[in-house]
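> Here you go, this is structure.cif (mmCIF, C-alpha atoms).
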data_target
#
loop_
_atom_site.label_atom_id
_atom_site.label_comp_id
_atom_site.auth_asym_id
_atom_site.auth_seq_id
_atom_site.Cartn_x
_atom_site.Cartn_y
_atom_site.Cartn_z
CA MET A 829 133.81 105.58 120.38
CA PRO A 830 132.37 108.68 122.09
CA ARG A 831 129.40 107.99 124.26
CA VAL A 832 126.12 109.76 123.52
CA ARG A 833 125.79 112.68 125.89
CA ASN A 834 122.74 113.00 128.08
CA LEU A 835 121.30 109.70 126.89
CA ARG A 836 119.68 108.96 130.22
CA GLN A 837 118.02 112.37 130.15
CA ARG A 838 116.72 111.71 126.65
CA LEU A 839 115.23 108.38 127.70
CA ASP A 840 113.61 110.06 130.70
CA ASP A 841 112.15 112.70 128.39
CA MET A 842 110.86 109.99 126.04
CA ALA A 843 109.22 108.25 128.99
CA ALA A 844 107.61 111.55 130.02
CA ALA A 845 106.48 112.18 126.45
CA LEU A 846 104.61 108.86 126.49
CA GLU A 847 102.31 110.34 129.10
CA ARG A 848 101.30 113.03 126.62
CA ARG A 849 100.44 110.49 123.89
CA PRO A 850 97.08 108.90 124.78
CA HIS A 851 97.10 106.81 121.62
CA LEU A 852 100.44 105.23 122.62
CA LEU A 853 99.17 104.45 126.11
CA ARG A 854 96.18 102.77 124.44
CA LEU A 855 98.35 100.84 121.94
CA GLY A 856 100.71 99.77 124.72
CA ARG A 857 98.11 98.86 127.31
CA LEU A 858 99.14 95.18 127.20
CA PHE A 859 102.87 95.88 127.07
CA ASN A 860 104.42 94.84 130.40
CA GLU A 861 108.08 94.08 129.75
CA THR A 862 111.61 95.08 130.60
CA ILE A 863 113.69 95.77 127.52
CA LEU A 864 117.34 96.61 127.06
CA ILE A 865 118.54 99.58 125.05
CA GLU A 866 122.29 99.44 124.61
CA VAL A 867 124.04 102.41 123.02
CA ASP A 868 127.74 101.88 122.43
CA GLN A 869 128.78 100.51 125.84
CA ASP A 870 125.94 102.03 127.85
CA GLU A 871 123.06 99.81 129.00
CA PHE A 872 119.60 101.00 129.95
CA TYR A 873 116.89 98.65 131.21
CA LEU A 874 113.47 100.14 130.63
CA THR A 875 110.53 98.57 132.46
CA PHE A 876 107.14 99.16 130.87
CA GLU A 877 103.82 98.58 132.60
CA LYS A 878 100.56 99.05 130.71
CA GLY A 879 102.36 101.14 128.14
CA ARG A 880 104.10 103.42 130.63
CA VAL A 881 107.80 103.48 131.48
CA VAL A 882 107.82 102.92 135.24
CA GLU A 883 111.55 102.46 135.74
CA ILE A 884 114.86 102.97 133.95
CA LYS A 885 117.89 101.19 135.40
CA GLU A 886 121.37 101.86 134.12
CA GLY A 887 123.79 99.00 133.57
CA PRO A 888 126.10 97.33 133.16
CA SER A 889 124.32 94.35 134.65
CA LYS A 890 124.50 90.63 134.14
CA LYS A 891 121.53 90.02 136.42
CA LEU A 892 118.67 92.09 135.04
CA PRO A 893 116.44 90.03 132.77
CA TRP A 894 115.05 91.60 129.61
CA ARG A 895 112.57 90.49 126.92
CA PHE A 896 114.32 91.95 123.87
CA ALA A 897 117.26 94.22 123.27
CA LEU A 898 117.91 97.03 120.82
CA ARG A 899 121.61 97.71 120.51
CA ALA A 900 122.81 100.62 118.40
CA LYS A 901 125.88 102.66 117.65
CA GLY A 902 125.56 106.04 119.32
CA ASP A 903 126.20 108.12 116.22
CA ALA A 904 123.68 106.04 114.27
CA LEU A 905 121.05 106.52 116.96
CA LEU A 906 121.65 110.27 116.92
CA GLU A 907 121.05 110.23 113.15
CA PHE A 908 117.89 108.13 113.76
CA TRP A 909 116.68 110.90 116.06
CA GLN A 910 117.17 113.65 113.47
CA PRO A 911 113.90 115.15 112.18
CA LEU A 912 114.61 113.74 108.70
CA PRO A 913 117.13 110.91 109.12
CA LYS A 914 119.22 109.77 106.18
CA PRO A 915 118.20 106.57 104.34
CA GLY A 916 118.94 103.51 106.45
CA PHE A 917 118.84 105.52 109.68
CA HIS A 918 115.11 106.26 109.56
CA ASP A 919 113.92 103.04 111.21
CA ILE A 920 115.24 100.65 113.87
CA PHE A 921 115.29 97.84 111.30
CA GLY A 922 117.34 100.10 109.04
CA LEU A 923 119.95 100.35 111.78
CA VAL A 924 120.04 96.54 111.86
CA LYS A 925 120.10 96.01 108.11
CA TYR A 926 123.02 98.35 107.53
CA GLY A 927 125.14 97.15 110.45
CA ASN A 928 124.51 100.02 112.83
CA GLY A 929 122.60 98.02 115.38
CA SER A 930 121.11 94.71 116.34
CA ILE A 931 117.90 93.37 117.82
CA ASP A 932 117.84 90.16 119.79
CA GLY A 933 115.91 88.28 122.44
CA ASP A 934 112.19 87.61 122.10
CA ILE A 935 111.70 89.22 118.68
CA LEU A 936 108.10 88.08 118.46
CA THR A 937 107.20 90.17 121.50
CA LEU A 938 108.80 93.13 119.76
CA VAL A 939 106.92 92.45 116.52
CA LYS A 940 103.60 92.09 118.32
CA ASN A 941 104.19 95.53 119.84
CA LEU A 942 106.12 96.94 116.92
CA ARG A 943 104.11 100.06 116.19
CA TYR A 944 104.11 100.97 119.87
CA PHE A 945 107.83 100.42 120.32
CA LYS A 946 108.78 102.21 117.11
CA GLU A 947 106.71 105.22 118.06
CA PHE A 948 108.24 105.18 121.53
CA MET A 949 111.74 105.21 120.04
CA ALA A 950 110.73 108.02 117.69
CA LEU A 951 109.77 110.18 120.68
CA GLY A 952 113.49 110.92 121.00
CA ARG A 953 113.15 112.60 117.61
CA LYS A 954 110.19 114.72 118.54
CA GLU A 955 111.61 116.02 121.79
CA GLY A 956 114.21 117.96 119.82
CA PHE A 957 117.42 117.11 121.68
CA SER A 958 120.71 117.13 119.86
CA MET B 614 85.06 120.80 102.86
CA LYS B 615 83.80 120.91 99.31
CA SER B 616 82.34 117.59 98.20
CA SER B 617 83.43 115.98 94.97
CA ILE B 618 83.00 112.79 92.99
CA GLU B 619 86.23 111.38 91.60
CA PRO B 620 86.37 110.28 87.94
CA ILE B 621 87.62 106.79 88.87
CA VAL B 622 85.11 104.02 88.06
CA GLY B 623 85.21 100.59 89.71
CA ARG B 624 83.94 97.40 88.05
CA TYR B 625 84.39 93.61 88.25
CA VAL B 626 85.59 91.10 85.69
CA ASN B 627 85.33 87.30 86.02
CA VAL B 628 88.26 85.21 84.80
CA THR B 629 89.57 81.69 85.20
CA VAL B 630 93.16 81.28 86.36
CA GLY B 631 94.32 77.68 86.54
CA ASN B 632 91.25 75.90 87.86
CA ALA B 633 90.01 78.82 89.89
CA ARG B 634 87.24 81.24 89.00
CA GLN B 635 88.29 84.68 90.12
CA ARG B 636 86.08 87.75 90.44
CA ILE B 637 88.49 90.60 90.04
CA TYR B 638 87.84 94.20 90.99
CA PHE B 639 89.38 96.92 88.86
CA GLU B 640 89.35 100.67 88.63
CA GLU B 641 89.58 102.60 85.42
CA VAL B 642 90.05 106.23 84.41
CA GLY B 643 91.42 108.33 81.58
CA GLN B 644 91.81 108.16 77.84
CA GLY B 645 94.69 107.19 75.62
CA ARG B 646 97.44 104.68 75.92
CA PRO B 647 96.41 101.90 78.36
CA VAL B 648 98.49 101.42 81.50
CA VAL B 649 97.81 98.46 83.78
CA CYS B 650 98.82 99.17 87.39
CA LEU B 651 99.80 96.48 89.91
CA HIS B 652 99.82 96.99 93.67
CA THR B 653 102.39 95.70 96.17
CA ALA B 654 102.16 92.68 98.44
CA GLY B 655 99.58 92.91 101.20
CA ALA B 656 97.77 95.91 99.71
CA ASP B 657 95.42 96.84 96.87
CA THR B 658 94.57 99.23 94.07
CA ARG B 659 94.09 102.17 96.42
CA GLN B 660 97.87 102.57 96.35
CA TRP B 661 97.36 104.09 92.87
CA ARG B 662 94.61 106.51 93.92
CA SER B 663 96.62 109.69 93.35
CA VAL B 664 97.97 108.74 89.93
CA LEU B 665 94.44 107.77 88.86
CA ASN B 666 93.16 111.15 90.04
CA ASP B 667 95.93 113.12 88.32
CA GLU B 668 94.64 114.82 85.18
CA ALA B 669 98.17 115.38 83.96
CA PHE B 670 98.33 111.63 83.43
CA THR B 671 94.72 110.70 82.65
CA ARG B 672 94.50 113.19 79.78
CA SER B 673 96.81 111.00 77.73
CA HIS B 674 96.64 107.59 79.39
CA ARG B 675 93.90 105.15 80.29
CA PHE B 676 94.72 103.61 83.65
CA ILE B 677 93.39 100.24 84.69
CA ALA B 678 94.33 99.08 88.20
CA PHE B 679 93.09 95.78 89.59
CA ASP B 680 93.08 94.07 92.96
CA MET B 681 94.77 90.70 92.85
CA PRO B 682 92.54 87.81 94.03
CA TRP B 683 92.51 87.71 97.86
CA HIS B 684 93.26 91.47 97.93
CA GLY B 685 91.09 94.57 98.28
CA LYS B 686 87.65 93.98 96.76
CA SER B 687 88.65 90.87 94.81
CA LEU B 688 87.41 87.85 96.75
CA PRO B 689 89.50 84.77 97.37
CA PRO B 690 88.39 81.81 95.22
CA GLU B 691 85.78 79.29 96.29
CA GLY B 692 87.27 76.89 98.84
CA PHE B 693 89.73 79.45 100.23
CA GLU B 694 88.77 78.54 103.78
CA THR B 695 90.91 75.40 103.68
CA GLU B 696 93.61 76.72 101.37
CA GLU B 697 96.99 78.08 102.42
CA TYR B 698 97.41 81.14 100.24
CA LEU B 699 100.83 81.04 98.59
CA LEU B 700 101.28 83.15 95.47
CA SER B 701 103.59 81.79 92.79
CA THR B 702 105.30 83.48 89.86
CA GLU B 703 103.29 81.34 87.45
CA THR B 704 99.90 82.09 89.00
CA TYR B 705 100.74 85.77 89.25
CA MET B 706 101.73 85.97 85.57
CA GLU B 707 98.65 84.01 84.50
CA THR B 708 96.44 86.32 86.51
CA VAL B 709 97.86 89.47 84.94
CA LEU B 710 97.59 88.00 81.44
CA ALA B 711 94.04 86.71 82.04
CA PHE B 712 92.96 90.08 83.36
CA CYS B 713 94.40 91.93 80.36
CA ARG B 714 92.62 89.56 77.97
CA ALA B 715 89.32 89.76 79.80
CA ALA B 716 89.50 93.54 79.96
CA GLY B 717 90.14 93.66 76.21
CA LEU B 718 93.48 95.40 76.57
CA GLU B 719 95.87 95.21 73.65
CA LYS B 720 99.52 95.69 74.49
CA PRO B 721 99.13 97.91 77.52
CA LEU B 722 102.01 99.40 79.41
CA LEU B 723 102.51 97.50 82.66
CA ALA B 724 103.40 99.47 85.79
CA GLY B 725 103.90 97.46 88.96
CA CYS B 726 105.32 98.17 92.39
CA SER B 727 107.33 95.81 94.58
CA MET B 728 106.00 92.31 93.83
CA GLY B 729 104.10 94.01 91.00
CA GLY B 730 107.41 95.32 89.69
CA ARG B 731 108.97 91.89 90.05
CA ILE B 732 106.21 90.28 88.00
CA ALA B 733 106.43 93.09 85.44
CA LEU B 734 110.07 92.12 84.85
CA GLN B 735 109.13 88.42 84.68
CA LEU B 736 106.54 89.28 82.04
CA ALA B 737 109.10 91.43 80.22
CA ALA B 738 111.28 88.33 80.00
CA LEU B 739 108.64 85.67 79.28
CA HIS B 740 105.61 87.41 77.71
CA PRO B 741 106.83 90.65 76.12
CA GLU B 742 104.44 90.20 73.18
CA SER B 743 101.49 91.08 75.40
CA PHE B 744 102.78 94.49 76.47
CA SER B 745 104.23 97.65 75.00
CA GLY B 746 106.55 98.53 77.86
CA PHE B 747 107.26 98.07 81.55
CA ILE B 748 107.61 100.41 84.50
CA ALA B 749 109.07 98.40 87.36
CA ILE B 750 108.83 100.32 90.63
CA GLU B 751 110.76 99.20 93.72
CA ALA B 752 111.62 96.17 91.63
CA SER B 753 114.66 93.97 91.50
CA ASP B 754 115.80 90.53 90.44
CA PHE B 755 115.71 89.04 93.93
CA GLN B 756 116.67 89.73 97.50
CA PRO B 757 116.03 87.48 100.48
CA ALA B 758 113.77 88.55 103.35
CA TRP B 759 115.21 90.55 106.24
CA TYR B 760 112.16 89.49 108.27
CA ASP B 761 110.33 86.26 109.08
CA ILE B 762 107.22 86.03 106.89
CA ASP B 763 105.52 83.74 109.42
CA TRP B 764 105.22 86.70 111.78
CA PHE B 765 102.32 87.89 109.65
CA HIS B 766 99.95 84.97 110.04
CA ARG B 767 99.49 83.54 113.50
CA PRO B 768 96.49 83.03 115.75
CA ASP B 769 97.80 85.05 118.71
CA ALA B 770 98.44 88.34 116.97
CA HIS B 771 97.04 90.65 114.30
CA GLY B 772 99.05 90.05 111.15
CA GLY B 773 97.82 93.24 109.53
CA GLU B 774 98.90 95.48 112.36
CA MET B 775 102.28 93.77 112.58
CA GLY B 776 102.71 93.95 108.81
CA ALA B 777 101.89 97.65 108.78
CA ALA B 778 104.34 98.31 111.60
CA LEU B 779 107.04 96.42 109.76
CA VAL B 780 106.55 98.00 106.32
CA SER B 781 106.53 101.45 107.87
CA ALA B 782 110.31 100.91 107.82
CA ASN B 783 110.07 101.35 104.06
CA ILE B 784 108.31 104.71 104.05
CA ALA B 785 110.49 107.78 103.74
CA PRO B 786 110.37 110.27 106.62
CA GLN B 787 109.36 112.97 104.12
CA ALA B 788 105.99 111.25 103.49
CA PRO B 789 103.06 113.41 104.63
CA ASP B 790 101.33 111.86 107.64
CA ALA B 791 97.98 111.53 105.87
CA GLU B 792 99.49 109.59 102.96
CA ARG B 793 101.73 107.53 105.25
CA TRP B 794 98.82 106.31 107.34
CA THR B 795 96.53 105.70 104.36
CA THR B 796 99.31 103.55 102.92
CA LEU B 797 99.65 101.61 106.18
CA TRP B 798 95.88 101.18 106.53
CA MET B 799 95.83 98.91 103.47
CA PHE B 800 98.28 96.55 105.18
CA MET B 801 96.22 96.64 108.36
CA GLN B 802 93.18 95.60 106.31
CA SER B 803 94.88 92.79 104.44
CA GLY B 804 93.16 89.40 104.85
CA PRO B 805 94.65 86.77 107.18
CA GLY B 806 97.75 85.21 105.64
CA VAL B 807 97.61 87.23 102.44
CA PHE B 808 100.68 89.38 103.08
CA ARG B 809 102.56 86.23 104.11
CA GLY B 810 101.41 84.42 100.97
CA ASP B 811 102.54 87.29 98.76
CA LEU B 812 105.89 87.47 100.49
CA SER B 813 106.47 83.74 100.15
CA PHE B 814 106.73 84.22 96.39
CA TYR B 815 108.57 87.50 96.65
CA THR B 816 111.24 86.27 99.05
CA SER B 817 111.80 82.74 97.75
CA ASP B 818 111.55 82.70 93.94
CA ASP B 819 114.81 83.87 92.40
CA SER B 820 114.00 82.64 88.89
CA LEU B 821 114.15 86.16 87.46
CA VAL B 822 117.89 86.44 88.07
CA GLY B 823 118.79 84.28 85.08
CA ARG B 824 116.13 85.77 82.82
CA LEU B 825 117.05 89.46 82.93
CA GLY B 826 119.49 89.14 80.02
CA SER B 827 116.73 87.92 77.72
CA ILE B 828 114.66 91.09 78.06
CA ASP B 829 114.69 92.96 74.77
CA THR B 830 114.26 96.64 75.56
CA ARG B 831 114.31 97.50 71.85
CA ARG B 832 110.87 95.90 71.60
CA THR B 833 109.56 96.66 75.05
CA PRO B 834 111.27 99.44 76.97
CA VAL B 835 111.92 98.89 80.66
CA HIS B 836 112.19 101.70 83.17
CA ILE B 837 113.08 100.87 86.79
CA MET B 838 112.36 103.23 89.67
CA CYS B 839 113.55 102.97 93.26
CA GLY B 840 113.06 105.17 96.31
CA GLU B 841 116.21 106.04 98.24
CA TYR B 842 114.54 105.06 101.54
CA ASP B 843 113.44 101.61 100.33
CA MET B 844 115.07 98.94 102.50
CA THR B 845 113.29 95.98 100.90
CA CYS B 846 114.32 96.77 97.34
CA ALA B 847 117.21 99.09 98.10
CA PRO B 848 118.77 101.34 95.45
CA GLU B 849 121.70 98.93 95.10
CA ASP B 850 119.23 96.13 94.30
CA ALA B 851 117.54 98.23 91.60
CA GLN B 852 120.92 99.31 90.20
CA ARG B 853 122.10 95.70 89.97
CA THR B 854 118.88 94.73 88.22
CA ALA B 855 118.98 97.62 85.75
CA ALA B 856 122.60 96.83 84.92
CA ALA B 857 121.55 93.30 83.94
CA ILE B 858 118.85 94.51 81.52
CA LYS B 859 120.56 95.99 78.49
CA GLY B 860 118.96 99.25 77.42
CA SER B 861 116.85 99.69 80.56
CA THR B 862 116.71 103.02 82.34
CA LEU B 863 116.78 103.69 86.07
CA ALA B 864 115.63 106.47 88.39
CA ILE B 865 116.64 106.60 92.05
CA MET B 866 113.93 108.70 93.68
CA LYS B 867 114.73 111.22 96.38
CA ASP B 868 112.57 111.48 99.51
CA LEU B 869 110.66 108.30 98.61
CA GLY B 870 110.47 104.75 99.90
CA HIS B 871 108.90 101.44 98.88
CA PHE B 872 105.36 102.73 98.21
CA PRO B 873 106.16 105.92 96.30
CA MET B 874 102.86 106.43 94.44
CA SER B 875 100.95 106.03 97.71
CA GLU B 876 103.22 107.42 100.44
CA ASN B 877 104.07 110.71 98.74
CA PRO B 878 102.15 111.33 95.49
CA ALA B 879 103.46 114.86 95.07
CA ALA B 880 107.08 113.68 95.09
CA PHE B 881 106.32 110.63 92.93
CA ARG B 882 104.48 112.33 90.07
CA VAL B 883 107.64 113.98 88.72
CA TYR B 884 109.34 110.61 88.47
CA PHE B 885 106.25 108.88 87.08
CA LYS B 886 105.94 111.50 84.34
CA GLU B 887 109.54 110.75 83.40
CA ALA B 888 108.77 107.01 83.47
CA LEU B 889 105.83 107.31 81.07
CA GLU B 890 108.00 109.34 78.71
CA ARG B 891 110.84 106.84 78.92
CA VAL B 892 108.72 103.84 78.02
CA THR B 893 107.02 105.59 75.13
CA ARG B 894 110.28 106.62 73.51
CA VAL B 895 110.03 103.74 71.05
CA PRO B 896 107.63 104.50 68.18
CA VAL B 897 104.60 102.25 68.27
CA ARG B 898 105.29 100.80 64.84
CA LEU B 899 108.51 99.17 66.11
CA MET B 900 106.79 97.26 68.84
CA ASP B 901 105.32 94.66 66.51
CA ALA B 902 108.54 94.26 64.55
#
As structure tokens, please, write out the structure in this file.

Amino acid sequence: MPRVRNLRQRLDDMAAALERRPHLLRLGRLFNETILIEVDQDEFYLTFEKGRVVEIKEGPSKKLPWRFALRAKGDALLEFWQPLPKPGFHDIFGLVKYGNGSIDGDILTLVKNLRYFKEFMALGRKEGFS
Amino acid sequence: MKSSIEPIVGRYVNVTVGNARQRIYFEEVGQGRPVVCLHTAGADTRQWRSVLNDEAFTRSHRFIAFDMPWHGKSLPPEGFETEEYLLSTETYMETVLAFCRAAGLEKPLLAGCSMGGRIALQLAALHPESFSGFIAIEASDFQPAWYDIDWFHRPDAHGGEMGAALVSANIAPQAPDAERWTTLWMFMQSGPGVFRGDLSFYTSDDSLVGRLGSIDTRRTPVHIMCGEYDMTCAPEDAQRTAAAIKGSTLAIMKDLGHFPMSENPAAFRVYFKEALERVTRVPVRLMDA
């Protein structure tokens, strides 16, 4: 399985894009968590404070705690980030439903912050990387 | 911006369903063949706003869309404050039938989306004599939940905001932003526990599965519609359901999701025009045969 190129750079760009979205900083003002994004075999631990990404640590790690994890196949995540993704690739729950990803951990924390997290993930779409 | 008054008129009708008095809000517009429109779970009649404002349809059809009790401008019944709202197939069917009687509608077409499409198919199986045809949108026999319905009613979080964030998964990426967010607003506004109570029926009652074969499309045509981006009632669910109803027709809709009439009216109207034509293909005189 080929790894997604420049994934760390894309996550950094998404974190920077948050700063230009005042409504997301407002929606995420109570979001203070570390979450795991795992793409193929690559692990990224994103720490959020008051809706901002303050740190991204790369794995693998068996020590870093996380609140919830989004794991996805790299090619599926690239389709998710297309401007008009195909059916089933247009939402993180679509990735899960059709076997291209999984979500685990404290799901309720995700659901309570679902709009914020979905819009954060969609920032990879708007930044226009391929 | 030029101001305008829309032709849609809103009124209330009082009915009794079971032991409960219900004050039901409905909107009405157009002339011609009556079409009763049912909204999805956790939403209200505003989902139909674009169809009801579309002269291409209202020239030849009279649309009547009502808010289910607990939804939109229909109040919950007296005593709701101690009641756990859980919709059932039986109550839902009784409500639709009671509304049609109270509104003086004789054999209307029934067009419902999601849980409204599910109940349209139940009525096609159990009460076909009261209708002239069925348009079942994002409708299927049954599929279990891919989410936990209890997420949407808890004291430490806003069920409406969580519900809206979840159902956004079912809106196609082609939906214009304005229509997408208007669609989601209805879920954000939904009363506490109402979306959960709708979903409890939608995700647990599989009684329609064994009834599909009894639907007689020679008397009451059935047209099923499904958006290609719908993950709750996916195209394969609609295809399976249509295959079990002899003589039914099916449209898989491009660039649309689970709320097609609301999320992208411009894309939906082509398919809805086809639907109205499909369910009127049987001459009226055959419907009483």
> What residues in chain B lie within 6 Å of chain A, counting all atoms listed in the file, written as a compact mmCIF listing (two decimals) with C-alpha atoms, in the frame of the given file?

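The file below, iface10.txt, is the result:
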# COMPACT_ATOMS: atom_id res chain seq x y z
CA ALA B 778 104.34 98.31 111.60
CA ALA B 782 110.31 100.91 107.82
CA PRO B 786 110.37 110.27 106.62
CA TYR B 842 114.54 105.06 101.54
> From the options A:Leu906, A:Val881, A:Leu835, A:Ala900, which residue's atoms come nearest to Leu853 (chain A), counting only C-alpha atoms?
A:Val881
> I want to know what sits within 9 Å of Glu871 (chain A), based on only C-alpha atoms, with residues of the same chain fewer than 4 positions away left out; could you give that as a PyMOL selection string?
chain A and resi 864-867+885-889+899
> When the PyMOL selection byres ((chain B and resi 801) around 8) is applied to the file above, which residues end up in the set, as a PyMOL selection string?
chain B and resi 772-777+797-800+802-803
> Suppose you want the space between CA of Thr937 (chain A) and CA of Glu907 (chain A); what is it in Å?
25.8 Å
> Using Å and a single decimal, report how far CA of Asp818 (chain B) sits from CA of Ile732 (chain B).
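Between CA of Ile732 (chain B) and CA of Asp818 (chain B) the gap is 11.0 Å.
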> Let me have the centre and edge lengths of the axis-aligned box enclosing all listed atoms of region 855-867 of chain B with 8 Å padding on every side, in Å to one decimal, as JSON.

{"center_x": 118.3, "center_y": 102.3, "center_z": 86.9, "size_x": 24.7, "size_y": 33.9, "size_z": 35.0}
